[in-house]
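Novice: The following block contains the structure, expressed as structure tokens.
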Amino acid sequence: MKAVLRATVLLGIATALLAGALLHRSPAPSDEYPAGRVLVEASTGGVRVTDVRSGVMGTLFGVEVHAGDEGTGRRACSVAYHRIAALEARLSHWREDSLLSRVNREAASRPVTVDADTFWLLESARYFHRISAGTFDPSIGPLLGLFKPFARLEAMPPDGEIALARALVGFDRVLLDPLTRAVRFAAPGMSIDLGAIAKGYAADEAVRVARSEGALACRVNAGGDMVAGGAPPGRPEGFETEIRDPRGDPAATLPGRTFDLRDRAAATSGNYERTTEIAGKRYSHILDPRTGRPVPDAVTQVTVMAPTGLEADALATALVVLGPESGLRLAQELPNVEALFLLPDGDGFRSVATTGFPGGRR
Ligand code: ADP
Ligand code: MG
């Protein structure tokens, strides 16, 4: 495995040298994802190429491209993954060498200049933090860091430690200078985790670059966050999309909740996966910055439809924290945003949605 990796890196460096492109090569060759499963099918107007890869931003990604010919379709998929790799190399909080990790190490002592993508995500995060009454807060890093080891021990951290970590959380103390694209933390110990927004943005960008490579239409599934650019030839309503059924196995979909996505995104967040069980109770991987604790089981999952993956991803997380009442109110206020809440009800769940959500209010 290591030898293969080293060979790939050497080959990458050699290619870069040959191309004379060492200076502006992004991502580094080692940031390529391993090849996944590629399926090429004939379709109306050409081909449909589906390229599924695991271990992408810590999850499973699927890129579906409709193109006039196979070469264009395959190239569009590969360009899409390249763009995602470039973003992951900067935005991952668990990669020591990422730009975000450098921000987390240094921004309390000096302003750290970041690239345009990272700055855009941070500015967007500030916007969602503001409109969500502070419930969406990527500066939640200190609390996530506290909970991680305790989750492994299946125990809750002591109240005093939660209070200390919570005192370091607050996106209004992440200082952003648009002139220099610099990030600064107001206090030492602060840290950022873009896990609730980065996948949605990566999907937006993957769709964008695939289309500029010649894809007629493209859909990206980023671990359940969907972005659809255009519509498959012969299907002007868009890409048929389903919502996962939180009760069943991961492949089960929610009956009666199929909708079409065209130049639009849908993201789902919830408590059905990535939970930790402590003393027989399940805890979410989404934390409420107001309490410093995992959000209670009041919401099973939330699906948000929005113009972009970035918005859908951020809002889905925010709405899980806000809960059905304030969450629906916020979704209803925002133009071009729809939301569907699944709420626990006995052994199953009941649903509430904004009036414009496909399927309507039930
Ligand atoms: P998923 O990654 O499962 O699709 P989300 O998009 O909701 O789910 O992102 C959850 C991740 O966001 C968490 O794993 C954590 O890294 C981070 N996070 C947790 N709580 C919050 C919060 N209140 N605001 C912003 N980010 C959060
Ligand atoms: Mg999210």
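Ligands are numbered from 1 in the order shown, residues from 1 within each chain, and chains are lettered A, B, ... in the order they appear in the structure tokens.
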Which residues sit within 8 Å of ligand 2, counting only C-alpha atoms and all ligand atoms, listed as a list of chain:residue names?
Specialist: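 Here is the list of contacting residues: A:Gly195, A:Ala196, A:Ile197, A:Lys199, A:Gly200, A:Ala267, A:Thr268, A:Ser269, A:Ala312, A:Asp313, A:Ala314, A:Leu315, A:Ala316, A:Thr317, A:Ala318.
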Novice: Write the selection just made, keeping N, CA and C atoms, as a PDB file, in the first residue's frame?
Specialist:
ATOM      1  N   GLY A 195     -17.021  20.520   8.809  1.00  0.00           N
ATOM      2  CA  GLY A 195     -17.699  19.262   8.462  1.00  0.00           C
ATOM      3  C   GLY A 195     -19.175  19.412   8.100  1.00  0.00           C
ATOM      4  N   ALA A 196     -19.803  20.482   8.525  1.00  0.00           N
ATOM      5  CA  ALA A 196     -21.235  20.618   8.266  1.00  0.00           C
ATOM      6  C   ALA A 196     -21.526  21.417   7.008  1.00  0.00           C
ATOM      7  N   ILE A 197     -20.508  21.833   6.302  1.00  0.00           N
ATOM      8  CA  ILE A 197     -20.722  22.718   5.144  1.00  0.00           C
ATOM      9  C   ILE A 197     -19.835  22.344   3.953  1.00  0.00           C
ATOM     10  N   LYS A 199     -18.892  19.468   2.487  1.00  0.00           N
ATOM     11  CA  LYS A 199     -19.326  18.475   1.485  1.00  0.00           C
ATOM     12  C   LYS A 199     -20.301  19.096   0.489  1.00  0.00           C
ATOM     13  N   GLY A 200     -21.198  19.925   0.983  1.00  0.00           N
ATOM     14  CA  GLY A 200     -22.153  20.590   0.101  1.00  0.00           C
ATOM     15  C   GLY A 200     -21.450  21.490  -0.907  1.00  0.00           C
ATOM     16  N   ALA A 267     -29.949  18.341   0.940  1.00  0.00           N
ATOM     17  CA  ALA A 267     -29.035  17.731   1.912  1.00  0.00           C
ATOM     18  C   ALA A 267     -29.823  17.223   3.108  1.00  0.00           C
ATOM     19  N   THR A 268     -29.352  16.126   3.661  1.00  0.00           N
ATOM     20  CA  THR A 268     -30.017  15.555   4.835  1.00  0.00           C
ATOM     21  C   THR A 268     -29.035  15.476   5.997  1.00  0.00           C
ATOM     22  N   SER A 269     -29.491  15.914   7.161  1.00  0.00           N
ATOM     23  CA  SER A 269     -28.691  15.783   8.384  1.00  0.00           C
ATOM     24  C   SER A 269     -29.566  15.115   9.413  1.00  0.00           C
ATOM     25  N   ALA A 312     -27.810  24.109   1.341  1.00  0.00           N
ATOM     26  CA  ALA A 312     -28.590  22.968   1.822  1.00  0.00           C
ATOM     27  C   ALA A 312     -27.865  22.264   2.969  1.00  0.00           C
ATOM     28  N   ASP A 313     -26.552  22.078   2.817  1.00  0.00           N
ATOM     29  CA  ASP A 313     -25.756  21.378   3.830  1.00  0.00           C
ATOM     30  C   ASP A 313     -25.753  22.158   5.150  1.00  0.00           C
ATOM     31  N   ALA A 314     -25.451  23.461   5.055  1.00  0.00           N
ATOM     32  CA  ALA A 314     -25.392  24.284   6.270  1.00  0.00           C
ATOM     33  C   ALA A 314     -26.758  24.339   6.950  1.00  0.00           C
ATOM     34  N   LEU A 315     -27.798  24.546   6.156  1.00  0.00           N
ATOM     35  CA  LEU A 315     -29.123  24.698   6.757  1.00  0.00           C
ATOM     36  C   LEU A 315     -29.632  23.389   7.354  1.00  0.00           C
ATOM     37  N   ALA A 316     -29.316  22.256   6.722  1.00  0.00           N
ATOM     38  CA  ALA A 316     -29.779  20.979   7.274  1.00  0.00           C
ATOM     39  C   ALA A 316     -29.216  20.791   8.683  1.00  0.00           C
ATOM     40  N   THR A 317     -27.938  21.111   8.861  1.00  0.00           N
ATOM     41  CA  THR A 317     -27.332  20.993  10.190  1.00  0.00           C
ATOM     42  C   THR A 317     -27.978  21.983  11.161  1.00  0.00           C
ATOM     43  N   ALA A 318     -28.144  23.233  10.708  1.00  0.00           N
ATOM     44  CA  ALA A 318     -28.735  24.254  11.575  1.00  0.00           C
ATOM     45  C   ALA A 318     -30.139  23.855  12.020  1.00  0.00           C
TER      46      ALA A 318
END
Novice: Residues at most 8 Å from A:Glu240, counting only C-alpha atoms, excluding those fewer than 4 positions away in the same chain, as a list of chain:residue names?
Specialist: A:Thr258, A:Phe259, A:Asp260, A:Leu261
Novice: Can you write out the residues you just picked, keeping N, CA and C atoms, as a compact mmCIF listing (two decimals), in the first residue's frame?
Specialist:
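Now in selection-v2.txt:
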# COMPACT_ATOMS: atom_id res chain seq x y z
N THR A 258 -40.22 11.10 -3.31
CA THR A 258 -39.30 11.19 -4.44
C THR A 258 -39.53 12.53 -5.12
N PHE A 259 -38.46 13.21 -5.48
CA PHE A 259 -38.65 14.49 -6.17
C PHE A 259 -37.57 14.67 -7.22
N ASP A 260 -37.78 15.65 -8.07
CA ASP A 260 -36.82 15.91 -9.13
C ASP A 260 -35.97 17.11 -8.77
N LEU A 261 -34.68 16.99 -9.03
CA LEU A 261 -33.76 18.09 -8.76
C LEU A 261 -33.16 18.56 -10.07
Novice: Fewer than 2 positions away in the same chain doesn't count, so skip those; otherwise give me all residues within 12 Å of stretch 331-335 of chain A, counting only C-alpha atoms, as number ranges by chain.
Specialist: A: 128, 131-132, 302-307, 311-312, 314-316, 318-320, 322-329, 337-341, 352-357
Novice: Please give the complete set of residues from stretch 170-244 of chain A that DSSP, run on the backbone, assigns to helix (DSSP H, G or I), formatted as a list in words.
Specialist: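 Output for stretch 170-244 of chain A, helix (DSSP H, G or I) only: Phe171, Asp172, Arg173, Ala198, Lys199, Gly200, Tyr201, Ala202, Ala203, Asp204, Glu205, Ala206, Val207, Arg208, Val209, Ala210, Arg211 and Ser212 of chain A.
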Novice: Can you spit out the residues from that selection as a PDB file, in the first residue's frame, using C-alpha atoms?
Specialist:
ATOM      1  CA  PHE A 171     -18.213  32.292  15.330  1.00  0.00           C
ATOM      2  CA  ASP A 172     -18.463  36.022  16.018  1.00  0.00           C
ATOM      3  CA  ARG A 173     -14.984  35.686  17.504  1.00  0.00           C
ATOM      4  CA  ALA A 198     -17.688  21.476   3.172  1.00  0.00           C
ATOM      5  CA  LYS A 199     -19.326  18.475   1.485  1.00  0.00           C
ATOM      6  CA  GLY A 200     -22.153  20.590   0.101  1.00  0.00           C
ATOM      7  CA  TYR A 201     -19.713  23.112  -1.328  1.00  0.00           C
ATOM      8  CA  ALA A 202     -17.492  20.367  -2.742  1.00  0.00           C
ATOM      9  CA  ALA A 203     -20.545  18.935  -4.528  1.00  0.00           C
ATOM     10  CA  ASP A 204     -21.405  22.383  -5.970  1.00  0.00           C
ATOM     11  CA  GLU A 205     -17.880  22.780  -7.243  1.00  0.00           C
ATOM     12  CA  ALA A 206     -17.689  19.242  -8.638  1.00  0.00           C
ATOM     13  CA  VAL A 207     -20.856  19.875 -10.660  1.00  0.00           C
ATOM     14  CA  ARG A 208     -19.539  23.211 -11.877  1.00  0.00           C
ATOM     15  CA  VAL A 209     -16.195  21.901 -13.133  1.00  0.00           C
ATOM     16  CA  ALA A 210     -17.783  18.781 -14.672  1.00  0.00           C
ATOM     17  CA  ARG A 211     -20.083  20.979 -16.699  1.00  0.00           C
ATOM     18  CA  SER A 212     -17.296  23.287 -17.797  1.00  0.00           C
TER      19      SER A 212
END
Novice: Could you check the closest approach to ligand 1 for each of A:Ala187, A:Leu144, A:Ala215, A:Val112 and tell me which residue wins, using only C-alpha atoms and all ligand atoms?
Specialist: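 Of all the options, A:Leu144 lies closest to ligand 1.
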Novice: Check the smallest atom-to-atom distance from each of A:Ala298, A:Leu310, A:Val321, A:Met226 to A:Ala125 using only C-alpha atoms, then report the winner.
Specialist: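 Under the stated criterion, the closest residue is A:Leu310.
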Novice: When you look at A:Pro233 with a cut-off of 10 Å (counting only C-alpha atoms), what residues show up, excluding the ones that are within fewer than 4 positions of it in the same chain? I need them as a list in words.
Specialist: Ser43, Thr44, Gly45, Gly46, Val47, Arg48, His66, Ala67, Gly68, Leu216, Ala217, Glu237 and Gly238 of chain A
Novice: Could you write out that same residue set with C-alpha atoms as a short mmCIF file (atom, residue, chain, number, x, y, z; two decimals), in the first residue's frame?
Specialist:
data_model
loop_
_atom_site.label_atom_id
_atom_site.label_comp_id
_atom_site.auth_asym_id
_atom_site.auth_seq_id
_atom_site.Cartn_x
_atom_site.Cartn_y
_atom_site.Cartn_z
CA SER A 43 -28.42 7.00 -22.81
CA THR A 44 -30.52 9.53 -24.69
CA GLY A 45 -28.13 11.95 -26.31
CA GLY A 46 -24.93 10.00 -25.55
CA VAL A 47 -23.67 8.29 -22.42
CA ARG A 48 -24.17 8.32 -18.72
CA HIS A 66 -24.34 12.86 -18.92
CA ALA A 67 -22.18 13.59 -21.94
CA GLY A 68 -22.16 13.33 -25.69
CA LEU A 216 -24.44 18.10 -20.47
CA ALA A 217 -25.72 17.50 -16.96
CA GLU A 237 -37.69 17.73 -14.99
CA GLY A 238 -34.24 16.85 -13.64
#
Novice: Could you list, as a list in words, every residue within 7 Å of A:Ile243, counting only C-alpha atoms and ignoring same-chain residues fewer than 3 positions away?
Specialist: Thr253, Leu254, Arg257 and Thr258 of chain A
Novice: Generate the output file for the selected residues, all heavy atoms, as an mmCIF file, in the first residue's frame.
Specialist:
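Saved as out.cif:
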data_model
loop_
_atom_site.group_PDB
_atom_site.id
_atom_site.type_symbol
_atom_site.label_atom_id
_atom_site.label_comp_id
_atom_site.auth_asym_id
_atom_site.auth_seq_id
_atom_site.Cartn_x
_atom_site.Cartn_y
_atom_site.Cartn_z
ATOM 1 N N THR A 253 -35.503 3.839 0.990
ATOM 2 C CA THR A 253 -35.889 5.238 0.785
ATOM 3 C C THR A 253 -37.288 5.471 1.335
ATOM 4 O O THR A 253 -38.064 4.550 1.530
ATOM 5 C CB THR A 253 -35.848 5.611 -0.709
ATOM 6 O OG1 THR A 253 -36.686 4.710 -1.410
ATOM 7 C CG2 THR A 253 -34.439 5.537 -1.260
ATOM 8 N N LEU A 254 -37.570 6.735 1.563
ATOM 9 C CA LEU A 254 -38.827 7.114 2.206
ATOM 10 C C LEU A 254 -39.977 7.049 1.197
ATOM 11 O O LEU A 254 -39.928 7.726 0.182
ATOM 12 C CB LEU A 254 -38.656 8.539 2.721
ATOM 13 C CG LEU A 254 -39.444 8.966 3.933
ATOM 14 C CD1 LEU A 254 -39.186 8.041 5.106
ATOM 15 C CD2 LEU A 254 -39.061 10.393 4.277
ATOM 16 N N ARG A 257 -41.691 10.127 -1.112
ATOM 17 C CA ARG A 257 -40.868 11.334 -1.006
ATOM 18 C C ARG A 257 -39.800 11.366 -2.102
ATOM 19 O O ARG A 257 -38.623 11.588 -1.850
ATOM 20 C CB ARG A 257 -40.192 11.386 0.365
ATOM 21 C CG ARG A 257 -41.144 11.711 1.493
ATOM 22 C CD ARG A 257 -41.686 13.117 1.382
ATOM 23 N NE ARG A 257 -42.541 13.430 2.536
ATOM 24 C CZ ARG A 257 -43.209 14.563 2.652
ATOM 25 N NH1 ARG A 257 -43.172 15.472 1.710
ATOM 26 N NH2 ARG A 257 -43.954 14.773 3.713
ATOM 27 N N THR A 258 -40.220 11.104 -3.307
ATOM 28 C CA THR A 258 -39.299 11.191 -4.439
ATOM 29 C C THR A 258 -39.534 12.530 -5.120
ATOM 30 O O THR A 258 -40.676 12.964 -5.243
ATOM 31 C CB THR A 258 -39.602 10.047 -5.417
ATOM 32 O OG1 THR A 258 -39.502 8.840 -4.685
ATOM 33 C CG2 THR A 258 -38.607 10.014 -6.560
#
Novice: Would you kindly return, as number ranges by chain, each protein, DNA or RNA residue with an atom no farther than 9 Å from any atom of A:Ser191, considering only C-alpha atoms and excluding same-chain residues fewer than 3 positions away?
Specialist: A: 101, 103-105, 107, 138-142, 168-169, 185, 188
Novice: Please give the complete set of residues from stretch 230-298 of chain A that DSSP, run on the backbone, assigns to strand (DSSP E), formatted as a PyMOL selection string.
Specialist: chain A and resi 239-244+253-261+264-270+276-278+281-283+287-288+293-294
Novice: Selection from above, N, CA, C and O atoms, as a compact mmCIF listing (two decimals), in the first residue's frame, can you write it?
Specialist:
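Writing the result to part_8.txt gives the following:
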# COMPACT_ATOMS: atom_id res chain seq x y z
N PHE A 239 -33.04 15.36 -12.18
CA PHE A 239 -32.59 14.07 -11.65
C PHE A 239 -33.56 13.59 -10.57
O PHE A 239 -33.84 14.33 -9.63
N GLU A 240 -34.01 12.37 -10.72
CA GLU A 240 -34.92 11.82 -9.71
C GLU A 240 -34.14 11.54 -8.43
O GLU A 240 -33.09 10.91 -8.45
N THR A 241 -34.66 12.04 -7.33
CA THR A 241 -33.92 11.96 -6.07
C THR A 241 -34.84 11.42 -4.96
O THR A 241 -36.02 11.74 -4.93
N GLU A 242 -34.25 10.63 -4.09
CA GLU A 242 -35.05 10.05 -3.01
C GLU A 242 -34.47 10.43 -1.66
O GLU A 242 -33.30 10.74 -1.55
N ILE A 243 -35.31 10.38 -0.65
CA ILE A 243 -34.84 10.67 0.71
C ILE A 243 -34.69 9.35 1.45
O ILE A 243 -35.55 8.47 1.36
N ARG A 244 -33.61 9.24 2.17
CA ARG A 244 -33.36 8.01 2.91
C ARG A 244 -34.38 7.79 4.01
O ARG A 244 -34.77 8.73 4.72
N THR A 253 -35.50 3.84 0.99
CA THR A 253 -35.89 5.24 0.78
C THR A 253 -37.29 5.47 1.34
O THR A 253 -38.06 4.55 1.53
N LEU A 254 -37.57 6.73 1.56
CA LEU A 254 -38.83 7.11 2.21
C LEU A 254 -39.98 7.05 1.20
O LEU A 254 -39.93 7.73 0.18
N PRO A 255 -41.01 6.28 1.48
CA PRO A 255 -42.10 6.15 0.52
C PRO A 255 -42.77 7.51 0.27
O PRO A 255 -42.96 8.29 1.20
N GLY A 256 -43.09 7.77 -0.98
CA GLY A 256 -43.81 8.99 -1.34
C GLY A 256 -42.98 10.26 -1.27
O GLY A 256 -43.52 11.36 -1.34
N ARG A 257 -41.69 10.13 -1.11
CA ARG A 257 -40.87 11.33 -1.01
C ARG A 257 -39.80 11.37 -2.10
O ARG A 257 -38.62 11.59 -1.85
N THR A 258 -40.22 11.10 -3.31
CA THR A 258 -39.30 11.19 -4.44
C THR A 258 -39.53 12.53 -5.12
O THR A 258 -40.68 12.96 -5.24
N PHE A 259 -38.46 13.21 -5.48
CA PHE A 259 -38.65 14.49 -6.17
C PHE A 259 -37.57 14.67 -7.22
O PHE A 259 -36.59 13.93 -7.26
N ASP A 260 -37.78 15.65 -8.07
CA ASP A 260 -36.82 15.91 -9.13
C ASP A 260 -35.97 17.11 -8.77
O ASP A 260 -36.47 18.11 -8.28
N LEU A 261 -34.68 16.99 -9.03
CA LEU A 261 -33.76 18.09 -8.76
C LEU A 261 -33.16 18.56 -10.07
O LEU A 261 -32.61 17.75 -10.83
N ARG A 264 -30.39 22.51 -8.56
CA ARG A 264 -30.85 22.63 -7.19
C ARG A 264 -30.14 21.58 -6.34
O ARG A 264 -29.58 20.62 -6.87
N ALA A 265 -30.21 21.76 -5.02
CA ALA A 265 -29.51 20.83 -4.14
C ALA A 265 -30.42 20.35 -3.02
O ALA A 265 -31.41 21.01 -2.69
N ALA A 266 -30.09 19.22 -2.45
CA ALA A 266 -30.83 18.70 -1.29
C ALA A 266 -29.83 18.04 -0.35
O ALA A 266 -28.95 17.29 -0.79
N ALA A 267 -29.95 18.34 0.94
CA ALA A 267 -29.03 17.73 1.91
C ALA A 267 -29.82 17.22 3.11
O ALA A 267 -30.83 17.83 3.49
N THR A 268 -29.35 16.13 3.66
CA THR A 268 -30.02 15.56 4.84
C THR A 268 -29.04 15.48 6.00
O THR A 268 -27.89 15.08 5.83
N SER A 269 -29.49 15.91 7.16
CA SER A 269 -28.69 15.78 8.38
C SER A 269 -29.57 15.12 9.41
O SER A 269 -30.78 15.26 9.38
N GLY A 270 -28.95 14.42 10.33
CA GLY A 270 -29.82 13.84 11.33
C GLY A 270 -29.12 13.00 12.35
O GLY A 270 -27.90 12.94 12.42
N THR A 276 -23.57 8.14 19.13
CA THR A 276 -22.82 7.42 20.14
C THR A 276 -23.81 7.02 21.22
O THR A 276 -24.69 7.80 21.57
N GLU A 277 -23.65 5.81 21.73
CA GLU A 277 -24.55 5.40 22.79
C GLU A 277 -23.84 5.54 24.14
O GLU A 277 -22.76 5.00 24.34
N ILE A 278 -24.44 6.31 25.03
CA ILE A 278 -23.88 6.46 26.38
C ILE A 278 -24.97 6.10 27.37
O ILE A 278 -26.04 6.71 27.35
N LYS A 281 -28.41 5.64 26.04
CA LYS A 281 -29.05 6.75 25.33
C LYS A 281 -28.19 7.12 24.11
O LYS A 281 -26.96 7.09 24.19
N ARG A 282 -28.88 7.45 23.00
CA ARG A 282 -28.12 7.77 21.80
C ARG A 282 -27.85 9.26 21.71
O ARG A 282 -28.71 10.08 21.98
N TYR A 283 -26.61 9.60 21.33
CA TYR A 283 -26.25 11.01 21.20
C TYR A 283 -25.79 11.32 19.77
O TYR A 283 -25.09 10.53 19.15
N LEU A 287 -23.72 19.06 17.61
CA LEU A 287 -23.76 19.64 18.96
C LEU A 287 -24.53 20.96 18.92
O LEU A 287 -24.53 21.67 17.92
N ASP A 288 -25.16 21.26 20.02
CA ASP A 288 -25.87 22.53 20.15
C ASP A 288 -24.92 23.50 20.85
O ASP A 288 -24.62 23.34 22.04
N ARG A 293 -23.79 20.64 24.28
CA ARG A 293 -24.05 19.19 24.30
C ARG A 293 -24.64 18.70 22.97
O ARG A 293 -25.14 19.49 22.20
N PRO A 294 -24.58 17.38 22.76
CA PRO A 294 -25.21 16.84 21.56
C PRO A 294 -26.69 17.20 21.52
O PRO A 294 -27.33 17.27 22.57
Novice: When you count only C-alpha atoms and all ligand atoms, which of these residues is closest to ligand 1: A:Gly71, A:Gly134, A:Gly36, A:Pro111?
Specialist: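 Of the candidates, the smallest distance to ligand 1 is held by A:Gly134.
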Novice: If you measure from atom CA of A:Arg90 to atom CA of A:His285, what distance in Å do you get, rounded to one decimal?
Specialist: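 Going from atom CA of A:Arg90 over to atom CA of A:His285 covers 22.3 Å.
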Novice: Which value, in Å to one decimal, gives the distance between atom CA of A:Arg166 and atom 21 (C, counted along the ligand's line) of ligand 1?
Specialist: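 Atom CA of A:Arg166 sits 12.4 Å away from atom 21 (C, counted along the ligand's line) of ligand 1.
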Novice: So, with only C-alpha atoms and all ligand atoms as the atoms that count, which of A:Ser284, A:Thr180, A:Ser124, A:Ser109 lies closest to ligand 1?
Specialist: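 Between A:Ser284, A:Thr180, A:Ser124, A:Ser109, the residue approaching ligand 1 most closely is A:Ser284.
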Novice: If I take atom CA of A:Val114 and atom CA of A:Gly62, how far is one from the other in Å, to one decimal?
Specialist: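 These two atoms are separated by 28.3 Å.
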